[in-house]
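The file target.txt comes next; it holds compact mmCIF, N, CA and C atoms (P, O5', C5', C4', C3', O3' and C1' of nucleotides).
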# COMPACT_ATOMS: atom_id res chain seq x y z
N MET S 1 26.57 263.52 112.92
CA MET S 1 25.75 263.19 114.09
C MET S 1 25.87 261.72 114.44
N PRO S 2 25.99 261.47 115.67
CA PRO S 2 26.29 260.12 116.14
C PRO S 2 25.14 259.14 115.94
N THR S 3 25.36 258.21 115.05
CA THR S 3 24.36 257.15 114.85
C THR S 3 24.52 256.12 115.96
N GLN S 4 25.73 256.10 116.55
CA GLN S 4 25.96 255.20 117.66
C GLN S 4 26.21 256.05 118.90
N SER S 5 25.67 255.65 119.99
CA SER S 5 25.90 256.37 121.24
C SER S 5 27.35 256.11 121.66
N PHE S 6 27.82 256.96 122.56
CA PHE S 6 29.17 256.80 123.09
C PHE S 6 29.30 255.40 123.69
N LYS S 7 28.27 254.99 124.37
CA LYS S 7 28.23 253.68 125.02
C LYS S 7 28.51 252.55 124.03
N GLU S 8 27.85 252.61 122.89
CA GLU S 8 28.04 251.56 121.87
C GLU S 8 29.47 251.55 121.34
N LYS S 9 30.02 252.74 121.15
CA LYS S 9 31.40 252.82 120.64
C LYS S 9 32.36 252.21 121.64
N VAL S 10 32.13 252.50 122.92
CA VAL S 10 32.99 251.95 123.97
C VAL S 10 32.94 250.42 123.93
N PHE S 11 31.75 249.87 123.86
CA PHE S 11 31.62 248.42 123.81
C PHE S 11 32.32 247.84 122.60
N ARG S 12 32.21 248.53 121.48
CA ARG S 12 32.84 248.05 120.25
C ARG S 12 34.36 248.00 120.43
N VAL S 13 34.91 249.06 121.00
CA VAL S 13 36.36 249.11 121.23
C VAL S 13 36.81 248.01 122.18
N VAL S 14 36.11 247.88 123.30
CA VAL S 14 36.51 246.91 124.31
C VAL S 14 36.36 245.48 123.80
N ARG S 15 35.35 245.26 123.00
CA ARG S 15 35.14 243.92 122.44
C ARG S 15 36.34 243.51 121.60
N GLY S 16 37.04 244.51 121.06
CA GLY S 16 38.19 244.23 120.19
C GLY S 16 39.52 244.00 120.91
N ILE S 17 39.55 244.15 122.22
CA ILE S 17 40.80 243.91 122.96
C ILE S 17 41.09 242.43 122.99
N ARG S 18 42.27 242.07 122.49
CA ARG S 18 42.57 240.65 122.40
C ARG S 18 43.11 240.08 123.70
N ARG S 19 42.93 238.77 123.83
CA ARG S 19 43.36 238.03 125.01
C ARG S 19 44.82 238.32 125.32
N GLY S 20 45.09 238.66 126.56
CA GLY S 20 46.47 238.96 126.95
C GLY S 20 46.80 240.43 126.81
N GLY S 21 45.93 241.19 126.15
CA GLY S 21 46.17 242.61 125.95
C GLY S 21 45.35 243.46 126.91
N VAL S 22 45.78 244.69 127.10
CA VAL S 22 45.01 245.61 127.94
C VAL S 22 45.02 247.00 127.34
N LEU S 23 44.02 247.78 127.68
CA LEU S 23 43.96 249.18 127.24
C LEU S 23 43.63 250.02 128.47
N THR S 24 44.06 251.27 128.46
CA THR S 24 43.70 252.15 129.58
C THR S 24 42.33 252.76 129.29
N TYR S 25 41.69 253.26 130.34
CA TYR S 25 40.39 253.92 130.17
C TYR S 25 40.57 255.08 129.20
N GLN S 26 41.70 255.76 129.34
CA GLN S 26 42.00 256.92 128.50
C GLN S 26 42.07 256.52 127.03
N GLU S 27 42.77 255.43 126.76
CA GLU S 27 42.93 254.97 125.39
C GLU S 27 41.60 254.53 124.80
N VAL S 28 40.78 253.89 125.61
CA VAL S 28 39.46 253.48 125.13
C VAL S 28 38.66 254.72 124.76
N ALA S 29 38.77 255.74 125.62
CA ALA S 29 38.05 256.99 125.37
C ALA S 29 38.50 257.58 124.03
N ARG S 30 39.82 257.61 123.82
CA ARG S 30 40.37 258.12 122.57
C ARG S 30 39.78 257.37 121.38
N ARG S 31 39.86 256.06 121.43
CA ARG S 31 39.36 255.24 120.32
C ARG S 31 37.86 255.35 120.13
N ALA S 32 37.17 255.75 121.19
CA ALA S 32 35.71 255.88 121.09
C ALA S 32 35.34 257.27 120.57
N GLY S 33 36.37 258.10 120.39
CA GLY S 33 36.10 259.41 119.82
C GLY S 33 36.14 260.61 120.75
N ASN S 34 36.31 260.38 122.05
CA ASN S 34 36.41 261.50 122.99
C ASN S 34 37.52 261.28 124.01
N PRO S 35 38.71 261.82 123.69
CA PRO S 35 39.92 261.65 124.47
C PRO S 35 39.77 262.07 125.93
N ARG S 36 38.83 262.94 126.22
CA ARG S 36 38.69 263.43 127.59
C ARG S 36 37.62 262.70 128.39
N ALA S 37 37.06 261.67 127.82
CA ALA S 37 35.95 260.97 128.48
C ALA S 37 36.35 259.69 129.21
N ALA S 38 37.59 259.64 129.68
CA ALA S 38 38.07 258.43 130.37
C ALA S 38 37.14 258.03 131.52
N ARG S 39 36.71 259.03 132.25
CA ARG S 39 35.85 258.77 133.40
C ARG S 39 34.50 258.21 132.97
N ALA S 40 34.00 258.72 131.88
CA ALA S 40 32.71 258.27 131.37
C ALA S 40 32.81 256.83 130.89
N VAL S 41 34.00 256.44 130.43
CA VAL S 41 34.20 255.06 129.99
C VAL S 41 33.94 254.12 131.15
N GLY S 42 34.45 254.50 132.31
CA GLY S 42 34.22 253.70 133.51
C GLY S 42 32.74 253.57 133.81
N ALA S 43 32.02 254.67 133.64
CA ALA S 43 30.59 254.69 133.93
C ALA S 43 29.85 253.72 133.01
N VAL S 44 30.33 253.62 131.77
CA VAL S 44 29.70 252.73 130.80
C VAL S 44 30.03 251.27 131.13
N LEU S 45 31.33 250.98 131.33
CA LEU S 45 31.75 249.60 131.59
C LEU S 45 31.11 249.05 132.86
N ARG S 46 30.84 249.95 133.77
CA ARG S 46 30.22 249.58 135.04
C ARG S 46 28.89 248.87 134.81
N THR S 47 28.23 249.18 133.73
CA THR S 47 26.91 248.60 133.46
C THR S 47 26.98 247.36 132.59
N ASN S 48 28.20 246.94 132.25
CA ASN S 48 28.34 245.77 131.38
C ASN S 48 28.51 244.46 132.13
N PHE S 49 27.62 243.52 131.86
CA PHE S 49 27.71 242.20 132.48
C PHE S 49 27.80 241.14 131.39
N ASN S 50 28.02 241.60 130.16
CA ASN S 50 28.14 240.69 129.03
C ASN S 50 29.57 240.13 128.93
N PRO S 51 29.71 238.80 129.05
CA PRO S 51 31.01 238.12 129.01
C PRO S 51 31.72 238.32 127.67
N ALA S 52 30.98 238.61 126.64
CA ALA S 52 31.56 238.80 125.31
C ALA S 52 32.33 240.11 125.25
N ILE S 53 32.11 240.96 126.22
CA ILE S 53 32.82 242.23 126.28
C ILE S 53 33.80 242.20 127.46
N PRO S 54 35.07 241.95 127.17
CA PRO S 54 36.11 241.74 128.19
C PRO S 54 36.54 243.02 128.89
N CYS S 55 35.65 243.57 129.68
CA CYS S 55 35.94 244.86 130.30
C CYS S 55 37.00 244.75 131.40
N HIS S 56 37.40 243.53 131.76
CA HIS S 56 38.47 243.38 132.76
C HIS S 56 39.81 243.75 132.15
N ARG S 57 39.85 243.91 130.83
CA ARG S 57 41.11 244.27 130.16
C ARG S 57 41.31 245.76 130.05
N VAL S 58 40.52 246.51 130.78
CA VAL S 58 40.67 247.96 130.79
C VAL S 58 41.17 248.38 132.17
N VAL S 59 42.34 249.02 132.19
CA VAL S 59 42.99 249.39 133.44
C VAL S 59 43.33 250.88 133.50
N ARG S 60 43.81 251.33 134.65
CA ARG S 60 44.12 252.75 134.81
C ARG S 60 45.48 253.08 134.21
N SER S 61 45.65 254.33 133.84
CA SER S 61 46.89 254.75 133.17
C SER S 61 48.08 254.74 134.12
N ASN S 62 47.83 254.75 135.43
CA ASN S 62 48.91 254.76 136.41
C ASN S 62 49.36 253.35 136.78
N GLY S 63 48.83 252.36 136.11
CA GLY S 63 49.24 250.98 136.37
C GLY S 63 48.30 250.24 137.33
N ALA S 64 47.46 250.99 138.05
CA ALA S 64 46.52 250.35 138.96
C ALA S 64 45.44 249.63 138.14
N LEU S 65 44.76 248.69 138.77
CA LEU S 65 43.77 247.91 138.04
C LEU S 65 42.50 248.66 137.68
N GLY S 66 42.06 249.53 138.57
CA GLY S 66 40.79 250.19 138.32
C GLY S 66 39.71 249.30 138.90
N GLY S 67 38.48 249.61 138.68
CA GLY S 67 37.40 248.85 139.31
C GLY S 67 36.88 247.71 138.45
N TYR S 68 35.89 247.03 139.00
CA TYR S 68 35.26 245.91 138.27
C TYR S 68 33.94 245.60 138.94
N ASN S 69 32.90 245.49 138.16
CA ASN S 69 31.57 245.28 138.73
C ASN S 69 31.34 243.89 139.33
N ARG S 70 32.36 243.02 139.25
CA ARG S 70 32.20 241.70 139.88
C ARG S 70 33.27 241.50 140.93
N GLY S 71 33.87 242.62 141.38
CA GLY S 71 34.91 242.53 142.39
C GLY S 71 36.29 242.61 141.78
N VAL S 72 37.14 243.45 142.35
CA VAL S 72 38.49 243.65 141.82
C VAL S 72 39.30 242.35 141.85
N GLY S 73 38.99 241.50 142.84
CA GLY S 73 39.71 240.23 142.95
C GLY S 73 39.48 239.40 141.69
N ARG S 74 38.28 239.44 141.21
CA ARG S 74 37.89 238.72 139.99
C ARG S 74 38.69 239.24 138.80
N LYS S 75 38.82 240.56 138.75
CA LYS S 75 39.55 241.20 137.66
C LYS S 75 41.02 240.78 137.69
N ARG S 76 41.60 240.80 138.88
CA ARG S 76 43.00 240.37 139.05
C ARG S 76 43.19 238.96 138.54
N PHE S 77 42.28 238.10 138.94
CA PHE S 77 42.35 236.70 138.57
C PHE S 77 42.32 236.51 137.05
N LEU S 78 41.35 237.12 136.41
CA LEU S 78 41.20 236.99 134.95
C LEU S 78 42.44 237.48 134.22
N LEU S 79 42.97 238.62 134.63
CA LEU S 79 44.15 239.18 133.97
C LEU S 79 45.38 238.30 134.18
N ALA S 80 45.55 237.83 135.40
CA ALA S 80 46.70 236.97 135.70
C ALA S 80 46.63 235.72 134.83
N ARG S 81 45.45 235.16 134.74
CA ARG S 81 45.21 233.94 133.95
C ARG S 81 45.58 234.18 132.48
N GLU S 82 45.17 235.32 131.95
CA GLU S 82 45.44 235.62 130.54
C GLU S 82 46.91 235.92 130.30
N ARG S 83 47.56 236.52 131.30
CA ARG S 83 48.98 236.84 131.16
C ARG S 83 49.76 235.55 131.07
N LEU S 84 49.39 234.60 131.90
CA LEU S 84 50.09 233.33 131.92
C LEU S 84 49.93 232.59 130.60
N SER S 85 48.72 232.52 130.10
CA SER S 85 48.47 231.77 128.87
C SER S 85 49.11 232.41 127.65
N GLU S 86 49.58 233.63 127.82
CA GLU S 86 50.25 234.32 126.71
C GLU S 86 51.66 233.79 126.51
N LEU S 87 52.29 233.36 127.63
CA LEU S 87 53.68 232.91 127.55
C LEU S 87 53.86 231.66 126.70
P DC P 1 15.87 270.79 126.53
O5' DC P 1 15.92 270.88 128.08
C5' DC P 1 15.11 271.87 128.61
C4' DC P 1 15.20 271.95 130.10
C3' DC P 1 16.64 272.09 130.58
O3' DC P 1 16.67 272.94 131.73
C1' DC P 1 15.66 270.13 131.48
P DA P 2 18.11 273.46 132.28
O5' DA P 2 18.20 272.68 133.68
C5' DA P 2 17.24 272.96 134.68
C4' DA P 2 17.69 272.38 136.01
C3' DA P 2 19.13 272.71 136.38
O3' DA P 2 19.17 272.84 137.80
C1' DA P 2 18.92 270.37 136.05
P DT P 3 20.48 273.18 138.64
O5' DT P 3 20.83 271.84 139.44
C5' DT P 3 20.31 270.64 138.97
C4' DT P 3 20.46 269.55 140.00
C3' DT P 3 21.83 269.47 140.67
O3' DT P 3 21.69 268.92 141.97
C1' DT P 3 21.56 267.65 139.15
P DT P 4 22.99 268.60 142.93
O5' DT P 4 23.24 267.05 142.64
C5' DT P 4 22.17 266.16 142.79
C4' DT P 4 22.60 264.74 142.47
C3' DT P 4 23.90 264.32 143.15
O3' DT P 4 23.71 262.99 143.62
C1' DT P 4 24.08 264.02 140.82
P DT P 5 24.88 262.29 144.54
O5' DT P 5 25.56 261.35 143.46
C5' DT P 5 24.72 260.52 142.68
C4' DT P 5 25.54 259.66 141.75
C3' DT P 5 26.90 259.22 142.34
O3' DT P 5 27.10 257.86 141.99
C1' DT P 5 27.22 260.25 140.27
P DG P 6 27.80 256.86 143.17
O5' DG P 6 29.25 257.15 143.09
C5' DG P 6 30.23 257.29 142.41
C4' DG P 6 30.65 256.51 141.22
C3' DG P 6 32.14 256.21 141.29
O3' DG P 6 32.50 255.13 140.46
C1' DG P 6 31.73 257.98 139.76
P DA P 7 32.88 253.68 141.39
O5' DA P 7 34.12 252.97 140.71
C5' DA P 7 34.21 253.16 139.34
C4' DA P 7 35.55 252.68 138.89
C3' DA P 7 35.98 253.41 137.63
O3' DA P 7 37.38 253.36 137.57
C1' DA P 7 35.54 251.17 137.10
P DC P 8 38.25 254.58 138.05
O5' DC P 8 38.06 255.60 136.85
C5' DC P 8 38.20 255.20 135.52
C4' DC P 8 38.96 256.25 134.73
C3' DC P 8 40.45 256.32 135.04
O3' DC P 8 41.16 256.56 133.83
C1' DC P 8 39.46 258.39 135.48
P DG P 9 42.76 256.58 133.79
O5' DG P 9 43.11 258.14 133.87
C5' DG P 9 42.60 259.00 132.87
C4' DG P 9 43.27 260.36 132.94
C3' DG P 9 44.77 260.30 133.24
O3' DG P 9 45.41 261.35 132.53
C1' DG P 9 43.65 261.48 134.97
P DC P 10 47.05 261.42 132.55
O5' DC P 10 47.31 262.81 133.30
C5' DC P 10 46.60 263.95 132.86
C4' DC P 10 46.82 265.11 133.81
C3' DC P 10 48.27 265.20 134.29
O3' DC P 10 48.72 266.54 134.25
C1' DC P 10 46.79 265.11 136.14
P DC P 11 50.33 266.83 134.33
O5' DC P 11 50.33 267.76 135.62
C5' DC P 11 49.25 268.65 135.84
C4' DC P 11 49.29 269.15 137.27
C3' DC P 11 50.72 269.25 137.83
O3' DC P 11 50.80 270.38 138.68
C1' DC P 11 49.44 267.86 139.22
P DA P 12 52.18 271.16 138.85
O5' DA P 12 51.94 271.84 140.27
C5' DA P 12 50.67 272.42 140.56
C4' DA P 12 50.37 272.27 142.04
C3' DA P 12 51.54 272.64 142.94
O3' DA P 12 51.04 273.25 144.11
C1' DA P 12 50.96 270.36 143.30
P DA P 13 52.14 273.91 145.15
O5' DA P 13 52.10 272.90 146.37
C5' DA P 13 50.84 272.54 146.94
C4' DA P 13 51.04 271.50 148.02
C3' DA P 13 52.31 271.69 148.85
O3' DA P 13 52.05 271.30 150.20
C1' DA P 13 52.34 269.56 147.89
P DT R 1 57.86 255.33 142.91
O5' DT R 1 57.05 255.51 144.26
C5' DT R 1 57.68 255.38 145.54
C4' DT R 1 56.66 255.61 146.64
C3' DT R 1 55.24 255.33 146.21
O3' DT R 1 54.56 254.75 147.32
C1' DT R 1 55.45 257.61 146.84
P DT R 2 53.02 254.30 147.25
O5' DT R 2 52.22 255.51 147.91
C5' DT R 2 52.54 255.89 149.24
C4' DT R 2 51.69 257.09 149.66
C3' DT R 2 50.21 256.93 149.33
O3' DT R 2 49.49 257.31 150.49
C1' DT R 2 51.01 258.97 148.46
P DT R 3 47.90 257.13 150.62
O5' DT R 3 47.37 258.63 150.55
C5' DT R 3 48.29 259.69 150.63
C4' DT R 3 47.58 261.03 150.78
C3' DT R 3 46.09 261.03 150.56
O3' DT R 3 45.49 261.96 151.46
C1' DT R 3 47.14 262.31 148.84
P DG R 4 43.89 262.12 151.54
O5' DG R 4 43.70 263.55 150.85
C5' DG R 4 44.53 264.62 151.26
C4' DG R 4 44.24 265.85 150.41
C3' DG R 4 42.76 266.08 150.14
O3' DG R 4 42.51 267.48 150.20
C1' DG R 4 43.90 265.80 148.06
P DG R 5 41.01 268.01 150.01
O5' DG R 5 41.11 268.67 148.57
C5' DG R 5 42.25 269.44 148.24
C4' DG R 5 42.14 269.98 146.82
C3' DG R 5 40.70 270.26 146.38
O3' DG R 5 40.71 271.47 145.64
C1' DG R 5 41.70 268.70 144.89
P DC R 6 39.28 272.07 145.18
O5' DC R 6 39.38 271.76 143.62
C5' DC R 6 40.58 272.13 142.95
C4' DC R 6 40.51 271.74 141.48
C3' DC R 6 39.13 271.95 140.86
O3' DC R 6 39.32 272.50 139.58
C1' DC R 6 39.82 269.74 140.53
P DG R 7 38.04 273.10 138.81
O5' DG R 7 38.19 272.38 137.40
C5' DG R 7 39.46 272.38 136.76
C4' DG R 7 39.46 271.41 135.61
C3' DG R 7 38.17 271.47 134.78
O3' DG R 7 38.51 271.40 133.40
C1' DG R 7 38.47 269.28 135.63
P DC R 8 37.29 271.50 132.33
O5' DC R 8 36.95 269.98 132.05
C5' DC R 8 38.01 269.07 131.83
C4' DC R 8 37.45 267.73 131.40
C3' DC R 8 36.07 267.85 130.75
O3' DC R 8 36.01 267.19 129.50
C1' DC R 8 36.02 266.32 132.59
P DC R 9 34.78 267.51 128.51
O5' DC R 9 34.20 266.04 128.22
C5' DC R 9 34.52 264.99 129.11
C4' DC R 9 33.55 263.87 129.00
C3' DC R 9 32.19 264.27 128.45
O3' DC R 9 31.57 263.16 127.80
C1' DC R 9 31.97 263.63 130.72
P DA R 10 30.41 263.39 126.75
O5' DA R 10 29.53 262.10 127.00
C5' DA R 10 30.13 260.83 126.77
C4' DA R 10 29.47 259.78 127.65
C3' DA R 10 27.99 259.57 127.36
O3' DA R 10 27.70 258.21 127.56
C1' DA R 10 28.24 260.34 129.57
P DA R 11 26.34 257.57 127.07
O5' DA R 11 25.74 256.96 128.40
C5' DA R 11 26.26 257.39 129.63
C4' DA R 11 25.71 256.65 130.79
C3' DA R 11 24.23 256.28 130.73
O3' DA R 11 24.00 255.16 131.57
C1' DA R 11 24.57 258.11 132.23
P DA R 12 22.50 254.60 131.77
O5' DA R 12 22.11 255.21 133.19
C5' DA R 12 23.00 255.05 134.28
C4' DA R 12 22.46 255.76 135.51
C3' DA R 12 20.97 255.53 135.76
O3' DA R 12 20.77 255.40 137.16
C1' DA R 12 21.38 257.83 135.53
P DT R 13 19.31 254.96 137.71
O5' DT R 13 18.81 256.34 138.33
C5' DT R 13 19.71 257.05 139.15
C4' DT R 13 19.09 258.34 139.63
C3' DT R 13 17.57 258.27 139.83
O3' DT R 13 17.26 258.99 141.01
C1' DT R 13 18.07 260.07 138.42

Take the structure in the file and write it out as structure tokens.
Amino acid sequence: MPTQSFKEKVFRVVRGIRRGGVLTYQEVARRAGNPRAARAVGAVLRTNFNPAIPCHRVVRSNGALGGYNRGVGRKRFLLARERLSEL
DNA sequence: CATTTGACGCCAA
DNA sequence: TTTGGCGCCAAAT
């Protein structure tokens, strides 16, 4: 029985994504224990405004960025910035 | 407890 | 390549 809600597991997974790296919603769902809950992952991340949880590093499996609760432009910016600093 | 809501994913057309 | 439709699921209402 789940001592942690799905929400908590998602945050734990996303908190572990390192700078310059990205995960798909699907992969986050898998790591959180429910491979078919990709959509629900979005619903959870949508409520996150904690900077310690880098939810901008979660993208769609088709290569598109996906959404962001502070504007997609913001998400693009953060990712571009991290990609550059990786080089 | 029943419904609605979408930061998703897959596939046929 | 792009679109529409549908299945899926946790959260919110």

At a cut-off of 5 Å, can you tabulate as CSV every residue of chain R near chain S together with its closest atom pair and the distance in Å to one decimal, using all atoms listed in the file and ordering rows by chain then number?
residue,atom,partner,partner_atom,distance
R:DC8,O3',S:Arg36,C,4.9
R:DC9,C4',S:Ala37,CA,3.8
R:DA10,O3',S:Lys7,N,4.6
R:DA11,P,S:Lys7,N,4.2

If you keep N, CA and C atoms (P, O5', C5', C4', C3', O3' and C1' of nucleotides), can you produce a file of those selected residues as an mmCIF file, in the coordinates of the input?
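Here's the written file selection_31.cif:
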data_model
loop_
_atom_site.group_PDB
_atom_site.id
_atom_site.type_symbol
_atom_site.label_atom_id
_atom_site.label_comp_id
_atom_site.auth_asym_id
_atom_site.auth_seq_id
_atom_site.Cartn_x
_atom_site.Cartn_y
_atom_site.Cartn_z
ATOM 1 P P DC R 8 37.290 271.500 132.330
ATOM 2 O "O5'" DC R 8 36.950 269.980 132.050
ATOM 3 C "C5'" DC R 8 38.010 269.070 131.830
ATOM 4 C "C4'" DC R 8 37.450 267.730 131.400
ATOM 5 C "C3'" DC R 8 36.070 267.850 130.750
ATOM 6 O "O3'" DC R 8 36.010 267.190 129.500
ATOM 7 C "C1'" DC R 8 36.020 266.320 132.590
ATOM 8 P P DC R 9 34.780 267.510 128.510
ATOM 9 O "O5'" DC R 9 34.200 266.040 128.220
ATOM 10 C "C5'" DC R 9 34.520 264.990 129.110
ATOM 11 C "C4'" DC R 9 33.550 263.870 129.000
ATOM 12 C "C3'" DC R 9 32.190 264.270 128.450
ATOM 13 O "O3'" DC R 9 31.570 263.160 127.800
ATOM 14 C "C1'" DC R 9 31.970 263.630 130.720
ATOM 15 P P DA R 10 30.410 263.390 126.750
ATOM 16 O "O5'" DA R 10 29.530 262.100 127.000
ATOM 17 C "C5'" DA R 10 30.130 260.830 126.770
ATOM 18 C "C4'" DA R 10 29.470 259.780 127.650
ATOM 19 C "C3'" DA R 10 27.990 259.570 127.360
ATOM 20 O "O3'" DA R 10 27.700 258.210 127.560
ATOM 21 C "C1'" DA R 10 28.240 260.340 129.570
ATOM 22 P P DA R 11 26.340 257.570 127.070
ATOM 23 O "O5'" DA R 11 25.740 256.960 128.400
ATOM 24 C "C5'" DA R 11 26.260 257.390 129.630
ATOM 25 C "C4'" DA R 11 25.710 256.650 130.790
ATOM 26 C "C3'" DA R 11 24.230 256.280 130.730
ATOM 27 O "O3'" DA R 11 24.000 255.160 131.570
ATOM 28 C "C1'" DA R 11 24.570 258.110 132.230
#

Gap from atom C3' of DC11 of chain P to atom P of DT3 of chain R - Å, one decimal: 17.8 Å

Interatomic distance, atom C4' of DT13 of chain R to atom C1' of DC10 of chain P (Å, one decimal): 28.7 Å

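Residues of chain P lying within 8 Å of chain S, counting all atoms listed in the file, are DG6, DA7, DC8, DG9 and DC10 of chain P.
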
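The space between atom N of Glu8 of chain S and atom C of Arg31 of chain S spans 10.7 Å.
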
Please write out, as AutoDock Vina command-line options, where the centre of an axis-aligned box around all listed atoms of segment 78-87 of chain S lies and how long its edges are, in Å to one decimal, after adding 5 Å on each side.
--center_x 47.5 --center_y 235.4 --center_z 131.5 --size_x 22.7 --size_y 17.5 --size_z 19.9

Hey, what does DSSP flag as helix (DSSP H, G or I) within chain S? Can you give it to me as a short mmCIF file (atom, residue, chain, number, x, y, z; two decimals) with N, CA and C atoms, keeping the file's coordinate frame?
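In the end it all went to states-v8.cif:
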data_model
loop_
_atom_site.label_atom_id
_atom_site.label_comp_id
_atom_site.auth_asym_id
_atom_site.auth_seq_id
_atom_site.Cartn_x
_atom_site.Cartn_y
_atom_site.Cartn_z
N PHE S 6 27.82 256.96 122.56
CA PHE S 6 29.17 256.80 123.09
C PHE S 6 29.30 255.40 123.69
N LYS S 7 28.27 254.99 124.37
CA LYS S 7 28.23 253.68 125.02
C LYS S 7 28.51 252.55 124.03
N GLU S 8 27.85 252.61 122.89
CA GLU S 8 28.04 251.56 121.87
C GLU S 8 29.47 251.55 121.34
N LYS S 9 30.02 252.74 121.15
CA LYS S 9 31.40 252.82 120.64
C LYS S 9 32.36 252.21 121.64
N VAL S 10 32.13 252.50 122.92
CA VAL S 10 32.99 251.95 123.97
C VAL S 10 32.94 250.42 123.93
N PHE S 11 31.75 249.87 123.86
CA PHE S 11 31.62 248.42 123.81
C PHE S 11 32.32 247.84 122.60
N ARG S 12 32.21 248.53 121.48
CA ARG S 12 32.84 248.05 120.25
C ARG S 12 34.36 248.00 120.43
N VAL S 13 34.91 249.06 121.00
CA VAL S 13 36.36 249.11 121.23
C VAL S 13 36.81 248.01 122.18
N VAL S 14 36.11 247.88 123.30
CA VAL S 14 36.51 246.91 124.31
C VAL S 14 36.36 245.48 123.80
N ARG S 15 35.35 245.26 123.00
CA ARG S 15 35.14 243.92 122.44
C ARG S 15 36.34 243.51 121.60
N TYR S 25 41.69 253.26 130.34
CA TYR S 25 40.39 253.92 130.17
C TYR S 25 40.57 255.08 129.20
N GLN S 26 41.70 255.76 129.34
CA GLN S 26 42.00 256.92 128.50
C GLN S 26 42.07 256.52 127.03
N GLU S 27 42.77 255.43 126.76
CA GLU S 27 42.93 254.97 125.39
C GLU S 27 41.60 254.53 124.80
N VAL S 28 40.78 253.89 125.61
CA VAL S 28 39.46 253.48 125.13
C VAL S 28 38.66 254.72 124.76
N ALA S 29 38.77 255.74 125.62
CA ALA S 29 38.05 256.99 125.37
C ALA S 29 38.50 257.58 124.03
N ARG S 30 39.82 257.61 123.82
CA ARG S 30 40.37 258.12 122.57
C ARG S 30 39.78 257.37 121.38
N ARG S 31 39.86 256.06 121.43
CA ARG S 31 39.36 255.24 120.32
C ARG S 31 37.86 255.35 120.13
N ALA S 38 37.59 259.64 129.68
CA ALA S 38 38.07 258.43 130.37
C ALA S 38 37.14 258.03 131.52
N ARG S 39 36.71 259.03 132.25
CA ARG S 39 35.85 258.77 133.40
C ARG S 39 34.50 258.21 132.97
N ALA S 40 34.00 258.72 131.88
CA ALA S 40 32.71 258.27 131.37
C ALA S 40 32.81 256.83 130.89
N VAL S 41 34.00 256.44 130.43
CA VAL S 41 34.20 255.06 129.99
C VAL S 41 33.94 254.12 131.15
N GLY S 42 34.45 254.50 132.31
CA GLY S 42 34.22 253.70 133.51
C GLY S 42 32.74 253.57 133.81
N ALA S 43 32.02 254.67 133.64
CA ALA S 43 30.59 254.69 133.93
C ALA S 43 29.85 253.72 133.01
N VAL S 44 30.33 253.62 131.77
CA VAL S 44 29.70 252.73 130.80
C VAL S 44 30.03 251.27 131.13
N LEU S 45 31.33 250.98 131.33
CA LEU S 45 31.75 249.60 131.59
C LEU S 45 31.11 249.05 132.86
N CYS S 55 35.65 243.57 129.68
CA CYS S 55 35.94 244.86 130.30
C CYS S 55 37.00 244.75 131.40
N HIS S 56 37.40 243.53 131.76
CA HIS S 56 38.47 243.38 132.76
C HIS S 56 39.81 243.75 132.15
N ARG S 57 39.85 243.91 130.83
CA ARG S 57 41.11 244.27 130.16
C ARG S 57 41.31 245.76 130.05
N VAL S 72 37.14 243.45 142.35
CA VAL S 72 38.49 243.65 141.82
C VAL S 72 39.30 242.35 141.85
N GLY S 73 38.99 241.50 142.84
CA GLY S 73 39.71 240.23 142.95
C GLY S 73 39.48 239.40 141.69
N ARG S 74 38.28 239.44 141.21
CA ARG S 74 37.89 238.72 139.99
C ARG S 74 38.69 239.24 138.80
N LYS S 75 38.82 240.56 138.75
CA LYS S 75 39.55 241.20 137.66
C LYS S 75 41.02 240.78 137.69
N ARG S 76 41.60 240.80 138.88
CA ARG S 76 43.00 240.37 139.05
C ARG S 76 43.19 238.96 138.54
N PHE S 77 42.28 238.10 138.94
CA PHE S 77 42.35 236.70 138.57
C PHE S 77 42.32 236.51 137.05
N LEU S 78 41.35 237.12 136.41
CA LEU S 78 41.20 236.99 134.95
C LEU S 78 42.44 237.48 134.22
N LEU S 79 42.97 238.62 134.63
CA LEU S 79 44.15 239.18 133.97
C LEU S 79 45.38 238.30 134.18
N ALA S 80 45.55 237.83 135.40
CA ALA S 80 46.70 236.97 135.70
C ALA S 80 46.63 235.72 134.83
N ARG S 81 45.45 235.16 134.74
CA ARG S 81 45.21 233.94 133.95
C ARG S 81 45.58 234.18 132.48
N GLU S 82 45.17 235.32 131.95
CA GLU S 82 45.44 235.62 130.54
C GLU S 82 46.91 235.92 130.30
N ARG S 83 47.56 236.52 131.30
CA ARG S 83 48.98 236.84 131.16
C ARG S 83 49.76 235.55 131.07
N LEU S 84 49.39 234.60 131.90
CA LEU S 84 50.09 233.33 131.92
C LEU S 84 49.93 232.59 130.60
N SER S 85 48.72 232.52 130.10
CA SER S 85 48.47 231.77 128.87
C SER S 85 49.11 232.41 127.65
N GLU S 86 49.58 233.63 127.82
CA GLU S 86 50.25 234.32 126.71
C GLU S 86 51.66 233.79 126.51
#

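Every protein or nucleic acid residue with an atom no more than 12 Å from DA13 of chain P, counting only C-alpha atoms (C1' of nucleotides) and leaving out same-chain residues fewer than 4 positions away, appears here: DT2, DT3, DG4 and DG5 of chain R.
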
DSSP strand (DSSP E) residues within chain S, listed as a PyMOL selection string: chain S and resi 23-24+58-59

Print the selection's residues with N, CA and C atoms to a file, as a CSV table (one decimal), in the coordinates of the input.
chain,number,residue,atom,x,y,z
S,23,LEU,N,44.0,247.8,127.7
S,23,LEU,CA,44.0,249.2,127.2
S,23,LEU,C,43.6,250.0,128.5
S,24,THR,N,44.1,251.3,128.5
S,24,THR,CA,43.7,252.2,129.6
S,24,THR,C,42.3,252.8,129.3
S,58,VAL,N,40.5,246.5,130.8
S,58,VAL,CA,40.7,248.0,130.8
S,58,VAL,C,41.2,248.4,132.2
S,59,VAL,N,42.3,249.0,132.2
S,59,VAL,CA,43.0,249.4,133.4
S,59,VAL,C,43.3,250.9,133.5

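The neighbours of Val14 of chain S here are the residues that come within 9 Å of it, using only C-alpha atoms (C1' of nucleotides) and leaving out any residue fewer than 5 positions away in the same chain; they are Lys9, Leu23, Val28, Ile53, Pro54, Cys55, Arg57 and Val58 of chain S.
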